[in-house]
Amino acid sequence: MRGTKVLAVVAAVLLALACLPVGGCSVDGAAEGGEGSEPYRIGAVLSLTGTYAGLGIPEKNAIELEVARINDAGGVGGRPIEVIYEDDATDAAKSQAAAVRLIDEEGVLAIIGASGTGQTMAMRADAERAGVPIISMAGGSVITDDFSEWVFQTPWPNRIVVPFVLDQMAAAGHTSIGLISDTGGYGVDGRDYVLAHAGEAGVTVVADETYNAGDTDMSSQLTKIRAAEPDAVLIWAAGKEAAIIARNARQLNMTQPLYGGSGIARAEFIDGAGEAAEGVRLGTGKILVPEAFGEGTESYEVATSFISRYEDAYGTKPDIFAGHAYDAIGLVADALGRIEGEVTSDSLRDALEKTSGWVGIDGTFTYSATDHNGLTQDEMVLYIIEGGTWRLDR
Amino acid sequence: MIRTRLAFSPYVAIAIAAAAVAAVPVLSPDRYLLKVLVYVGVNVIVIAGLALLFGHAGQISMGHAAFVGIGAYTSAYCVGHVGLPWLVGALAGTALAAAGGLVLALPALRLRGHYLAMATLGFNEIMYVAFREARGITGGGDGLGGISYPEVAGLSIDSPVGVYLLVWGVALVVLLLVANILRSRPGRAMRALHATENGALACGIDTVGLKIRTFALSAGLAGLAGALYAHSVGFISPGTFGLDQSVIYVAIVVVGGAGSLAGPVLAAIALTLLPYADALIPGLGKDAVALLQDWEADIYGIAMIAVVILAPAGIGGLLTRLRIGRAGEAHV
Amino acid sequence: MEAAEFLQYVIAGLKSGSIYALVALGFTVVYGSTGIINFAQGEFFMLGGVLTVWFYGLGLPVPIAGLAAVATTAALGILFERFALRKQRSAGPLVLVIITIGGSMVMKSLARHLFGPDELSLPEFTPGPSIDIAGAAVERQALWVWGLTIVAVVVLWWLYRKTRLGRAMRACSISHDAARLMGIDTARIVMVSFGIAAALGALAGFAVTPLTQTSWDAGAAIGVKGFAAAILGGLGNPVASVVGGLVLGLLESLSVAFISSTYKDAISLAVLLIVLFARPQGLFGSARREKV
């Protein structure tokens, strides 16, 4: 008889639930600063816990830093910006629910996020339906390749980074390459572009191996790559496994130079690979060595100012994820400032799309009705790891 | 069996539950609440099937998230690529998941305890790789977006209230079905199976056939839940159907109390809502929300431990004790 | 394929395999004394790594930091058994398994709170170029991994076969009631077995962190591999667990060599399933007949 009572219990719980949150629930509406004027409410969906916690935390740091700076300087047109944070715990279902909550209950003008590609794609349908722009900090090409008028992106997707790195490899005379990539979103996306652009760049992929997140040894894959005798090895990976690959390659006495992209542009890669990181080349944006922007340029000033303020506030240098977040909140503030007339999600989207020559960390952004990434290969630079840090190559 | 007990029939109960389900959107048209309750409804369907398998056929499955995935991807593919109506897609998802359950059950049910756990867990991992690599069908690791809303008789169910009512309507029907199975002769046979398999065999019960049928049914219900999930959420990716989710399902059933249906369903509701508690509790300050989000995994783990420590027979066991206390009679 | 290249695959397989073996041993020790699967075993591996890095950061030399991490993790394992599991012994295995699942969530999340979300590194015990064995390159750290695995297995064997404690543990694995009738303090044995399991997991985490780095979420993947290795060999038999771990490592490595790196996990699990369907008690497990 146990089973039959279930329905009554379900009913009771549902009734109890129904009585809970009638209507919205935001309490602290009053804004910080801004002479009592109504703040612009912006949502942020970040992976503060779960697998991408290492992305979400610097992103939140950068957003808080920038919002404080903007508001201290009087806000945008006299109105402060208020950011409402949501943690998606690196879960697509949670990021979607968070987006709905931000739109419906918090009435945000735009959403910054998510940290991950899958989490961004999961929010998309609801944001489109409600007409709220999303500024993603995830690098998946699909975010802007699979175009939506409501979705913008700040990092350089693999669509930009991969051809740049392949060109650099070809220019260095490495015409046959061995590829090792992870089976997660970043690696698969990168691998697609490598295979598609290899011919154009004049290189041949002679070995194509993959590994899974969490693997502890890649020497089998590298042994296979070594047997194919490539001129150089391209690592398209993110996470701690990339460092294992560099170590394994060194220990297998592989003499081929190693190349990579944004996925290994993290201090943790150098720490993890140790000696084996020396001589690794990688193509990514210019934040690692701001001199790459050219000293005295506006980009250089923006980058060095952000780096020193971030270091003052948090005691560490900002990583590339902090840069993606700086750009996301900066682009929103810039667009808000350019809106003439009523500020709505619609007018904010239109203003974002008209962004032209805005100087950020990931580069100088120019969005258009067909390009919501706004960056080009000009923002890429090749680094070599020497003495435990990045240096510009050549 | 006491006669008066039967007066409280499942039909009365479902009427009350249906009224409660219908009351929610009337009382609060909050889209966020409805969205979260859709997740709850989907999990209730999975858990009902798993509780049937677990509590009443004595079989463990650490691979139910894979069956949810099979249902979700099959339905999304049938509707999105093949162009079949939603109802057909959902049925195909359910059928394929059930067939998958059957294929796995045939050899796997020779295994016992931890070995069966490993086999189903291995199945989950293999299906995860399949979801990730069959990119033509599943969209790969980046996921499959733009899945259309459920459609019945040419009418698209695209409002949050509609989706919510559909999912919970199905969930109530599933609960009724499972409750009925448990009351029926096969249900009693299944419980005999759980108590002692040899005893059941001695009574002339076809234990092997029963186990396999139960496994397939349970997998099919998971597939149905997956089909509902895919079309109500509109986006699916392999991460949703991984091993950790299967572990959570099993944990929900045990926290609810293996051998009960009400307990696991209550646990499914409570534990699915827990991660969203920060947003569902009105009047919570910003800092409190941030703190709750940061410590969510700890709270979840501690809640699980606390329930099984305080009530080793799970929530279902607590309910039984309450009832015994009140009625002063033994429970069958 | 040249012999040297084949040997390289074998070495890679044995390297991963011995880590799986250590984690599998942890599963087997707990299973032997309690009959349950400890889902927190992977977290012991993680704790071994992150705690070593933490102690090392305090200024301790690597070997001392490693010892401290193994001891701390063992103490945590004992505390976990004593305060979360012991009183629930009568509630049946499922309840205990759920407590270990809840415990693993809490340990993992606490590690993130305490040690941050990023990867943590540890220097190699003896840095230097790899050693050439018949044309195949062997990392120095891999020798440490193997050495520590062998030491752990020998110590465990000695403990099980030559000490009173070990005899008591074996008695427990046969029958708790009988062991108690013989005057064995079964509660203490269970507690000790959790300590040993935690130490084994932590040792694996300590040995491998210089190669792989570690982080708060490093436990889950290795936990699954260790469980698979323990099941492949046959639960409850330490030698079988070691063999199961090595076989699993070799399966993965040879899948990469001859089939595909993308499907290596699927292939090794498929082999595991086939083995289980053919031999439901694992490779070396003895078929236990249920008494009627």
# chains A, B, ... in the order shown; residues from 1 in each chain; ligands from 1
$ residues_around --residues "Phe27 in chain C" --least-positions-apart "6" --cutoff "12 Å" --atoms "only C-alpha atoms" --output "PyMOL selection string"
(chain B and resi 114) or (chain C and resi 20-21+33-42+44-45+100+193-201+222-231+233-238+240-242+245)
$ interface_residues --of "chain C" --to "chain B" --cutoff "9 Å" --atoms "only C-alpha atoms" --output "PyMOL selection string"
chain C and resi 36-37+84-85+87-88+91-92+94-110+113+220+224+227-228+231+235+262-263+265-267+269-270+272-273+276-278+280-282+292
$ write_last_selection --atoms "C-alpha atoms" --output "PDB file, in the first residue's frame"
ATOM      1  CA  ILE C  36      30.750  -1.969   0.777  1.00  0.00           C
ATOM      2  CA  ILE C  37      32.179   0.129  -2.035  1.00  0.00           C
ATOM      3  CA  ALA C  84      29.914   9.120   9.760  1.00  0.00           C
ATOM      4  CA  LEU C  85      29.801   5.378   9.184  1.00  0.00           C
ATOM      5  CA  LYS C  87      26.831   3.908  13.936  1.00  0.00           C
ATOM      6  CA  GLN C  88      25.093   3.150  10.654  1.00  0.00           C
ATOM      7  CA  ALA C  91      21.450   0.011   8.513  1.00  0.00           C
ATOM      8  CA  GLY C  92      22.749  -2.076   5.655  1.00  0.00           C
ATOM      9  CA  LEU C  94      23.272   0.826   0.749  1.00  0.00           C
ATOM     10  CA  VAL C  95      23.039   3.422   3.475  1.00  0.00           C
ATOM     11  CA  LEU C  96      26.795   3.165   3.999  1.00  0.00           C
ATOM     12  CA  VAL C  97      27.457   3.566   0.273  1.00  0.00           C
ATOM     13  CA  ILE C  98      25.295   6.698   0.211  1.00  0.00           C
ATOM     14  CA  ILE C  99      27.228   8.115   3.150  1.00  0.00           C
ATOM     15  CA  THR C 100      30.451   7.597   1.221  1.00  0.00           C
ATOM     16  CA  ILE C 101      28.919   9.375  -1.798  1.00  0.00           C
ATOM     17  CA  GLY C 102      27.843  12.286   0.391  1.00  0.00           C
ATOM     18  CA  GLY C 103      31.243  12.263   2.056  1.00  0.00           C
ATOM     19  CA  SER C 104      33.024  12.436  -1.289  1.00  0.00           C
ATOM     20  CA  MET C 105      30.935  15.478  -2.297  1.00  0.00           C
ATOM     21  CA  VAL C 106      31.834  17.240   0.923  1.00  0.00           C
ATOM     22  CA  MET C 107      35.562  16.365   0.765  1.00  0.00           C
ATOM     23  CA  LYS C 108      35.772  17.535  -2.837  1.00  0.00           C
ATOM     24  CA  SER C 109      33.983  20.789  -2.162  1.00  0.00           C
ATOM     25  CA  LEU C 110      35.959  21.478   1.017  1.00  0.00           C
ATOM     26  CA  HIS C 113      37.292  26.018  -0.497  1.00  0.00           C
ATOM     27  CA  ALA C 220      36.296  11.394  -9.554  1.00  0.00           C
ATOM     28  CA  VAL C 224      36.009   5.230 -11.479  1.00  0.00           C
ATOM     29  CA  PHE C 227      36.689   0.785  -9.041  1.00  0.00           C
ATOM     30  CA  ALA C 228      36.821  -0.706 -12.531  1.00  0.00           C
ATOM     31  CA  ILE C 231      35.988  -5.204 -10.162  1.00  0.00           C
ATOM     32  CA  LEU C 235      36.626  -7.601  -5.322  1.00  0.00           C
ATOM     33  CA  THR C 262      39.200   8.738 -28.632  1.00  0.00           C
ATOM     34  CA  TYR C 263      37.572   5.437 -27.768  1.00  0.00           C
ATOM     35  CA  ASP C 265      37.947   4.449 -22.272  1.00  0.00           C
ATOM     36  CA  ALA C 266      34.938   3.006 -24.064  1.00  0.00           C
ATOM     37  CA  ILE C 267      37.044   0.091 -25.323  1.00  0.00           C
ATOM     38  CA  LEU C 269      35.113  -0.559 -20.282  1.00  0.00           C
ATOM     39  CA  ALA C 270      33.574  -2.686 -23.021  1.00  0.00           C
ATOM     40  CA  LEU C 272      35.477  -5.069 -18.683  1.00  0.00           C
ATOM     41  CA  LEU C 273      31.767  -5.645 -19.380  1.00  0.00           C
ATOM     42  CA  LEU C 276      32.003  -9.559 -16.292  1.00  0.00           C
ATOM     43  CA  PHE C 277      29.346 -11.152 -18.468  1.00  0.00           C
ATOM     44  CA  ALA C 278      31.583 -14.174 -18.984  1.00  0.00           C
ATOM     45  CA  PRO C 280      30.435 -12.458 -13.142  1.00  0.00           C
ATOM     46  CA  GLN C 281      32.888 -12.578 -10.238  1.00  0.00           C
ATOM     47  CA  GLY C 282      35.777 -10.862 -12.054  1.00  0.00           C
ATOM     48  CA  VAL C 292      19.716 -21.704   0.242  1.00  0.00           C
TER      49      VAL C 292
END
$ select_by_dssp --residues "range 142-287 of chain C" --states "alpha helix (DSSP H)" --output "MDAnalysis selection string"
chainID C and resid 142:162 164:174 176:181 186:212 219:233 238:258 264:278
$ atom_distance --atom1 "CA of Thr223 in chain A" --atom2 "CA of Ile180 in chain A"
11.5 Å
$ closest_atom_pairs --of "chain A" --to "chain C" --cutoff "10 Å" --atoms "only C-alpha atoms" --output "tab-separated table"
residue	atom	partner	partner_atom	distance
A:Leu48	CA	C:Pro117	CA	9.1
A:Thr49	CA	C:Pro117	CA	8.1
A:Gly50	CA	C:Asp217	CA	8.3
A:Thr51	CA	C:Asp217	CA	7.3
A:Tyr52	CA	C:Pro117	CA	8.2
A:Ala53	CA	C:Pro117	CA	5.6
A:Gly54	CA	C:Pro117	CA	5.0
A:Leu55	CA	C:Pro117	CA	8.7
A:Gly56	CA	C:Pro117	CA	9.6
A:Ile57	CA	C:Pro117	CA	8.4
A:Ile180	CA	C:Ser261	CA	9.8
A:Ser181	CA	C:Thr262	CA	9.8
A:Asp182	CA	C:Thr262	CA	8.8
A:Thr183	CA	C:Thr262	CA	7.2
A:Asp208	CA	C:Ser261	CA	9.1
A:Glu209	CA	C:Ser261	CA	6.0
A:Thr210	CA	C:Thr262	CA	5.4
A:Tyr211	CA	C:Ser261	CA	6.2
A:Asn212	CA	C:Thr262	CA	7.7
A:Ala213	CA	C:Ala221	CA	8.5
A:Gly214	CA	C:Ala221	CA	5.7
A:Asp215	CA	C:Ala221	CA	7.8
A:Thr216	CA	C:Thr212	CA	5.8
A:Asp217	CA	C:Ser16	CA	6.5
A:Met218	CA	C:Ala12	CA	8.0
A:Ser219	CA	C:Ala12	CA	6.0
A:Ser220	CA	C:Tyr9	CA	5.4
A:Gln221	CA	C:Val256	CA	6.3
A:Leu222	CA	C:Tyr9	CA	9.8
A:Thr223	CA	C:Glu5	CA	7.1
A:Lys224	CA	C:Ala257	CA	6.5
A:Arg226	CA	C:Glu5	CA	9.4
A:Ala227	CA	C:Glu5	CA	8.0
A:Gly239	CA	C:Glu119	CA	8.2
A:Lys240	CA	C:Glu119	CA	6.4
A:Glu241	CA	C:Thr212	CA	7.0
A:Ala242	CA	C:Thr212	CA	9.4
A:Ala243	CA	C:Thr212	CA	7.4
A:Ile244	CA	C:Thr212	CA	5.4
A:Ile245	CA	C:Thr212	CA	9.1
A:Arg247	CA	C:Leu211	CA	7.4
A:Asn248	CA	C:Glu139	CA	8.4
A:Arg250	CA	C:Pro129	CA	8.1
A:Gln251	CA	C:Ser130	CA	5.3
A:Leu252	CA	C:Ala137	CA	5.4
A:Asn253	CA	C:Ala137	CA	7.5
A:Ala267	CA	C:Glu119	CA	9.8
A:Glu268	CA	C:Glu119	CA	6.3
A:Phe269	CA	C:Glu119	CA	8.7
A:Ile270	CA	C:Ser121	CA	9.7
A:Asp271	CA	C:Ser121	CA	6.2
A:Gly272	CA	C:Ser121	CA	5.3
A:Ala273	CA	C:Leu211	CA	8.4
A:Gly274	CA	C:Pro123	CA	8.0
A:Glu275	CA	C:Pro127	CA	9.6
$ closest_atom_pairs --of "range 218-277 of chain A" --to "range 199-205 of chain A" --cutoff "12 Å" --atoms "only C-alpha atoms" --output "tab-separated table"
residue	atom	partner	partner_atom	distance
A:Ile225	CA	A:Val205	CA	10.3
A:Ala228	CA	A:Val205	CA	9.8
A:Glu229	CA	A:Val205	CA	10.9
A:Pro230	CA	A:Val205	CA	8.2
A:Asp231	CA	A:Thr204	CA	9.9
A:Ala232	CA	A:Val205	CA	10.0
A:Val233	CA	A:Val205	CA	9.6
A:Leu234	CA	A:Val205	CA	9.6
$ select_by_dssp --residues "range 143-311 of chain B" --states "strand (DSSP E or B)" --output "PyMOL selection string"
chain B and resi 144+151-152+155-156+236
$ interface_residues --of "chain B" --to "chain A" --cutoff "7 Å" --atoms "only C-alpha atoms" --output "tab-separated table (two decimals) with N, CA and C atoms, in the first residue's frame"
chain	number	residue	atom	x	y	z
B	9	SER	N	-8.01	5.59	-2.16
B	9	SER	CA	-7.51	4.98	-3.39
B	9	SER	C	-6.57	5.94	-4.10
B	10	PRO	N	-5.72	5.41	-4.97
B	10	PRO	CA	-4.82	6.26	-5.73
B	10	PRO	C	-5.59	7.28	-6.57
B	13	ALA	N	-6.08	10.23	-4.56
B	13	ALA	CA	-4.79	10.89	-4.39
B	13	ALA	C	-4.40	11.65	-5.65
B	14	ILE	N	-4.62	11.03	-6.80
B	14	ILE	CA	-4.18	11.70	-8.03
B	14	ILE	C	-5.03	12.94	-8.28
B	16	ILE	N	-6.17	14.90	-5.95
B	16	ILE	CA	-5.60	15.94	-5.08
B	16	ILE	C	-4.31	16.47	-5.69
B	17	ALA	N	-3.46	15.53	-6.14
B	17	ALA	CA	-2.18	15.94	-6.71
B	17	ALA	C	-2.39	16.79	-7.94
B	20	ALA	N	-3.24	20.16	-7.00
B	20	ALA	CA	-2.07	20.89	-6.52
B	20	ALA	C	-1.22	21.35	-7.70
B	21	VAL	N	-1.01	20.45	-8.65
B	21	VAL	CA	-0.21	20.78	-9.83
B	21	VAL	C	-0.84	21.94	-10.58
B	24	VAL	N	-0.44	25.53	-8.85
B	24	VAL	CA	0.84	26.26	-8.84
B	24	VAL	C	0.85	27.43	-9.83
B	27	LEU	N	-1.40	30.29	-8.68
B	27	LEU	CA	-0.92	31.06	-7.53
B	27	LEU	C	0.32	31.88	-7.86
B	28	SER	N	1.21	31.31	-8.69
B	28	SER	CA	2.44	32.02	-8.99
B	28	SER	C	2.80	31.80	-10.45
B	30	ASP	N	5.29	32.66	-11.91
B	30	ASP	CA	6.72	32.88	-11.99
B	30	ASP	C	7.37	31.85	-12.93
B	32	TYR	N	10.46	31.29	-13.60
B	32	TYR	CA	11.62	30.60	-13.03
B	32	TYR	C	11.18	29.41	-12.19
B	35	LYS	N	10.08	26.65	-14.38
B	35	LYS	CA	11.21	26.00	-15.03
B	35	LYS	C	11.85	25.00	-14.06
B	36	VAL	N	12.09	25.44	-12.84
B	36	VAL	CA	12.70	24.56	-11.86
B	36	VAL	C	11.77	23.37	-11.58
B	141	GLY	N	30.14	17.47	-27.94
B	141	GLY	CA	30.32	18.04	-26.60
B	141	GLY	C	29.69	19.41	-26.42
B	142	ASP	N	29.57	20.18	-27.51
B	142	ASP	CA	28.98	21.52	-27.41
B	142	ASP	C	27.47	21.46	-27.21
B	143	GLY	N	26.92	20.29	-27.41
B	143	GLY	CA	25.49	20.12	-27.17
B	143	GLY	C	24.63	20.39	-28.38
B	145	GLY	N	21.30	22.38	-29.56
B	145	GLY	CA	20.38	23.45	-29.15
B	145	GLY	C	19.20	23.56	-30.10
B	146	GLY	N	18.33	24.50	-29.80
B	146	GLY	CA	17.20	24.79	-30.67
B	146	GLY	C	16.22	23.63	-30.83
B	179	ALA	N	2.50	2.92	-9.11
B	179	ALA	CA	1.76	2.52	-7.91
B	179	ALA	C	0.87	1.32	-8.22
B	182	LEU	N	2.86	-1.87	-8.45
B	182	LEU	CA	3.26	-2.35	-7.13
B	182	LEU	C	2.10	-3.05	-6.42
B	183	ARG	N	0.86	-2.62	-6.72
B	183	ARG	CA	-0.30	-3.25	-6.09
B	183	ARG	C	-0.70	-4.56	-6.77
B	235	PHE	N	17.77	22.43	-24.94
B	235	PHE	CA	19.22	22.27	-25.11
B	235	PHE	C	19.68	21.05	-24.32
B	260	SER	N	10.23	1.96	-1.05
B	260	SER	CA	9.08	2.83	-0.95
B	260	SER	C	8.98	3.60	-2.26
B	261	LEU	N	7.82	4.17	-2.56
B	261	LEU	CA	7.71	5.03	-3.73
B	261	LEU	C	7.57	6.49	-3.29
B	262	ALA	N	6.76	6.68	-2.26
B	262	ALA	CA	6.55	8.05	-1.77
B	262	ALA	C	7.86	8.68	-1.33
B	266	LEU	N	9.52	12.08	-2.84
B	266	LEU	CA	9.74	13.25	-1.99
B	266	LEU	C	11.21	13.68	-2.02
B	280	LEU	N	14.70	30.39	-4.53
B	280	LEU	CA	13.28	30.12	-4.23
B	280	LEU	C	12.86	30.63	-2.86
B	281	ILE	N	13.86	30.87	-2.00
B	281	ILE	CA	13.52	31.42	-0.69
B	281	ILE	C	13.42	32.94	-0.83
B	282	PRO	N	12.26	33.50	-0.61
B	282	PRO	CA	12.12	34.94	-0.78
B	282	PRO	C	12.84	35.70	0.32
B	283	GLY	N	13.31	36.89	-0.03
B	283	GLY	CA	13.89	37.77	0.98
B	283	GLY	C	15.31	37.47	1.36
B	285	GLY	N	19.21	37.85	1.18
B	285	GLY	CA	20.14	38.90	0.75
B	285	GLY	C	21.15	38.37	-0.26
B	293	GLN	N	25.39	29.54	-2.67
B	293	GLN	CA	25.85	28.96	-3.95
B	293	GLN	C	27.23	28.37	-3.79
B	294	ASP	N	28.09	29.05	-3.04
B	294	ASP	CA	29.45	28.59	-2.88
B	294	ASP	C	29.50	27.27	-2.11
$ residues_around --residues "Leu65 in chain A" --least-positions-apart "5" --cutoff "9 Å" --atoms "only C-alpha atoms" --output "list of chain:residue names"
A:Lys60, A:Ile70, A:Arg309, A:Tyr310, A:Ala313, A:Tyr326
$ write_last_selection --atoms "N, CA and C atoms" --output "PDB file, in the first residue's frame"
ATOM      1  N   LYS A  60      34.655  36.859 -12.165  1.00  0.00           N
ATOM      2  CA  LYS A  60      33.885  37.653 -11.206  1.00  0.00           C
ATOM      3  C   LYS A  60      34.762  38.766 -10.617  1.00  0.00           C
ATOM      4  N   ILE A  70      33.815  51.974 -12.575  1.00  0.00           N
ATOM      5  CA  ILE A  70      32.836  52.755 -13.346  1.00  0.00           C
ATOM      6  C   ILE A  70      31.940  53.547 -12.399  1.00  0.00           C
ATOM      7  N   ARG A 309      45.742  47.461 -11.637  1.00  0.00           N
ATOM      8  CA  ARG A 309      44.620  47.568 -10.704  1.00  0.00           C
ATOM      9  C   ARG A 309      44.202  46.189 -10.186  1.00  0.00           C
ATOM     10  N   TYR A 310      44.216  45.200 -11.095  1.00  0.00           N
ATOM     11  CA  TYR A 310      43.830  43.840 -10.696  1.00  0.00           C
ATOM     12  C   TYR A 310      44.831  43.290  -9.683  1.00  0.00           C
ATOM     13  N   ALA A 313      44.270  44.770  -6.308  1.00  0.00           N
ATOM     14  CA  ALA A 313      43.060  44.316  -5.628  1.00  0.00           C
ATOM     15  C   ALA A 313      43.164  42.864  -5.188  1.00  0.00           C
ATOM     16  N   TYR A 326      36.628  41.506 -18.302  1.00  0.00           N
ATOM     17  CA  TYR A 326      36.832  42.952 -18.394  1.00  0.00           C
ATOM     18  C   TYR A 326      36.163  43.475 -19.658  1.00  0.00           C
TER      19      TYR A 326
END
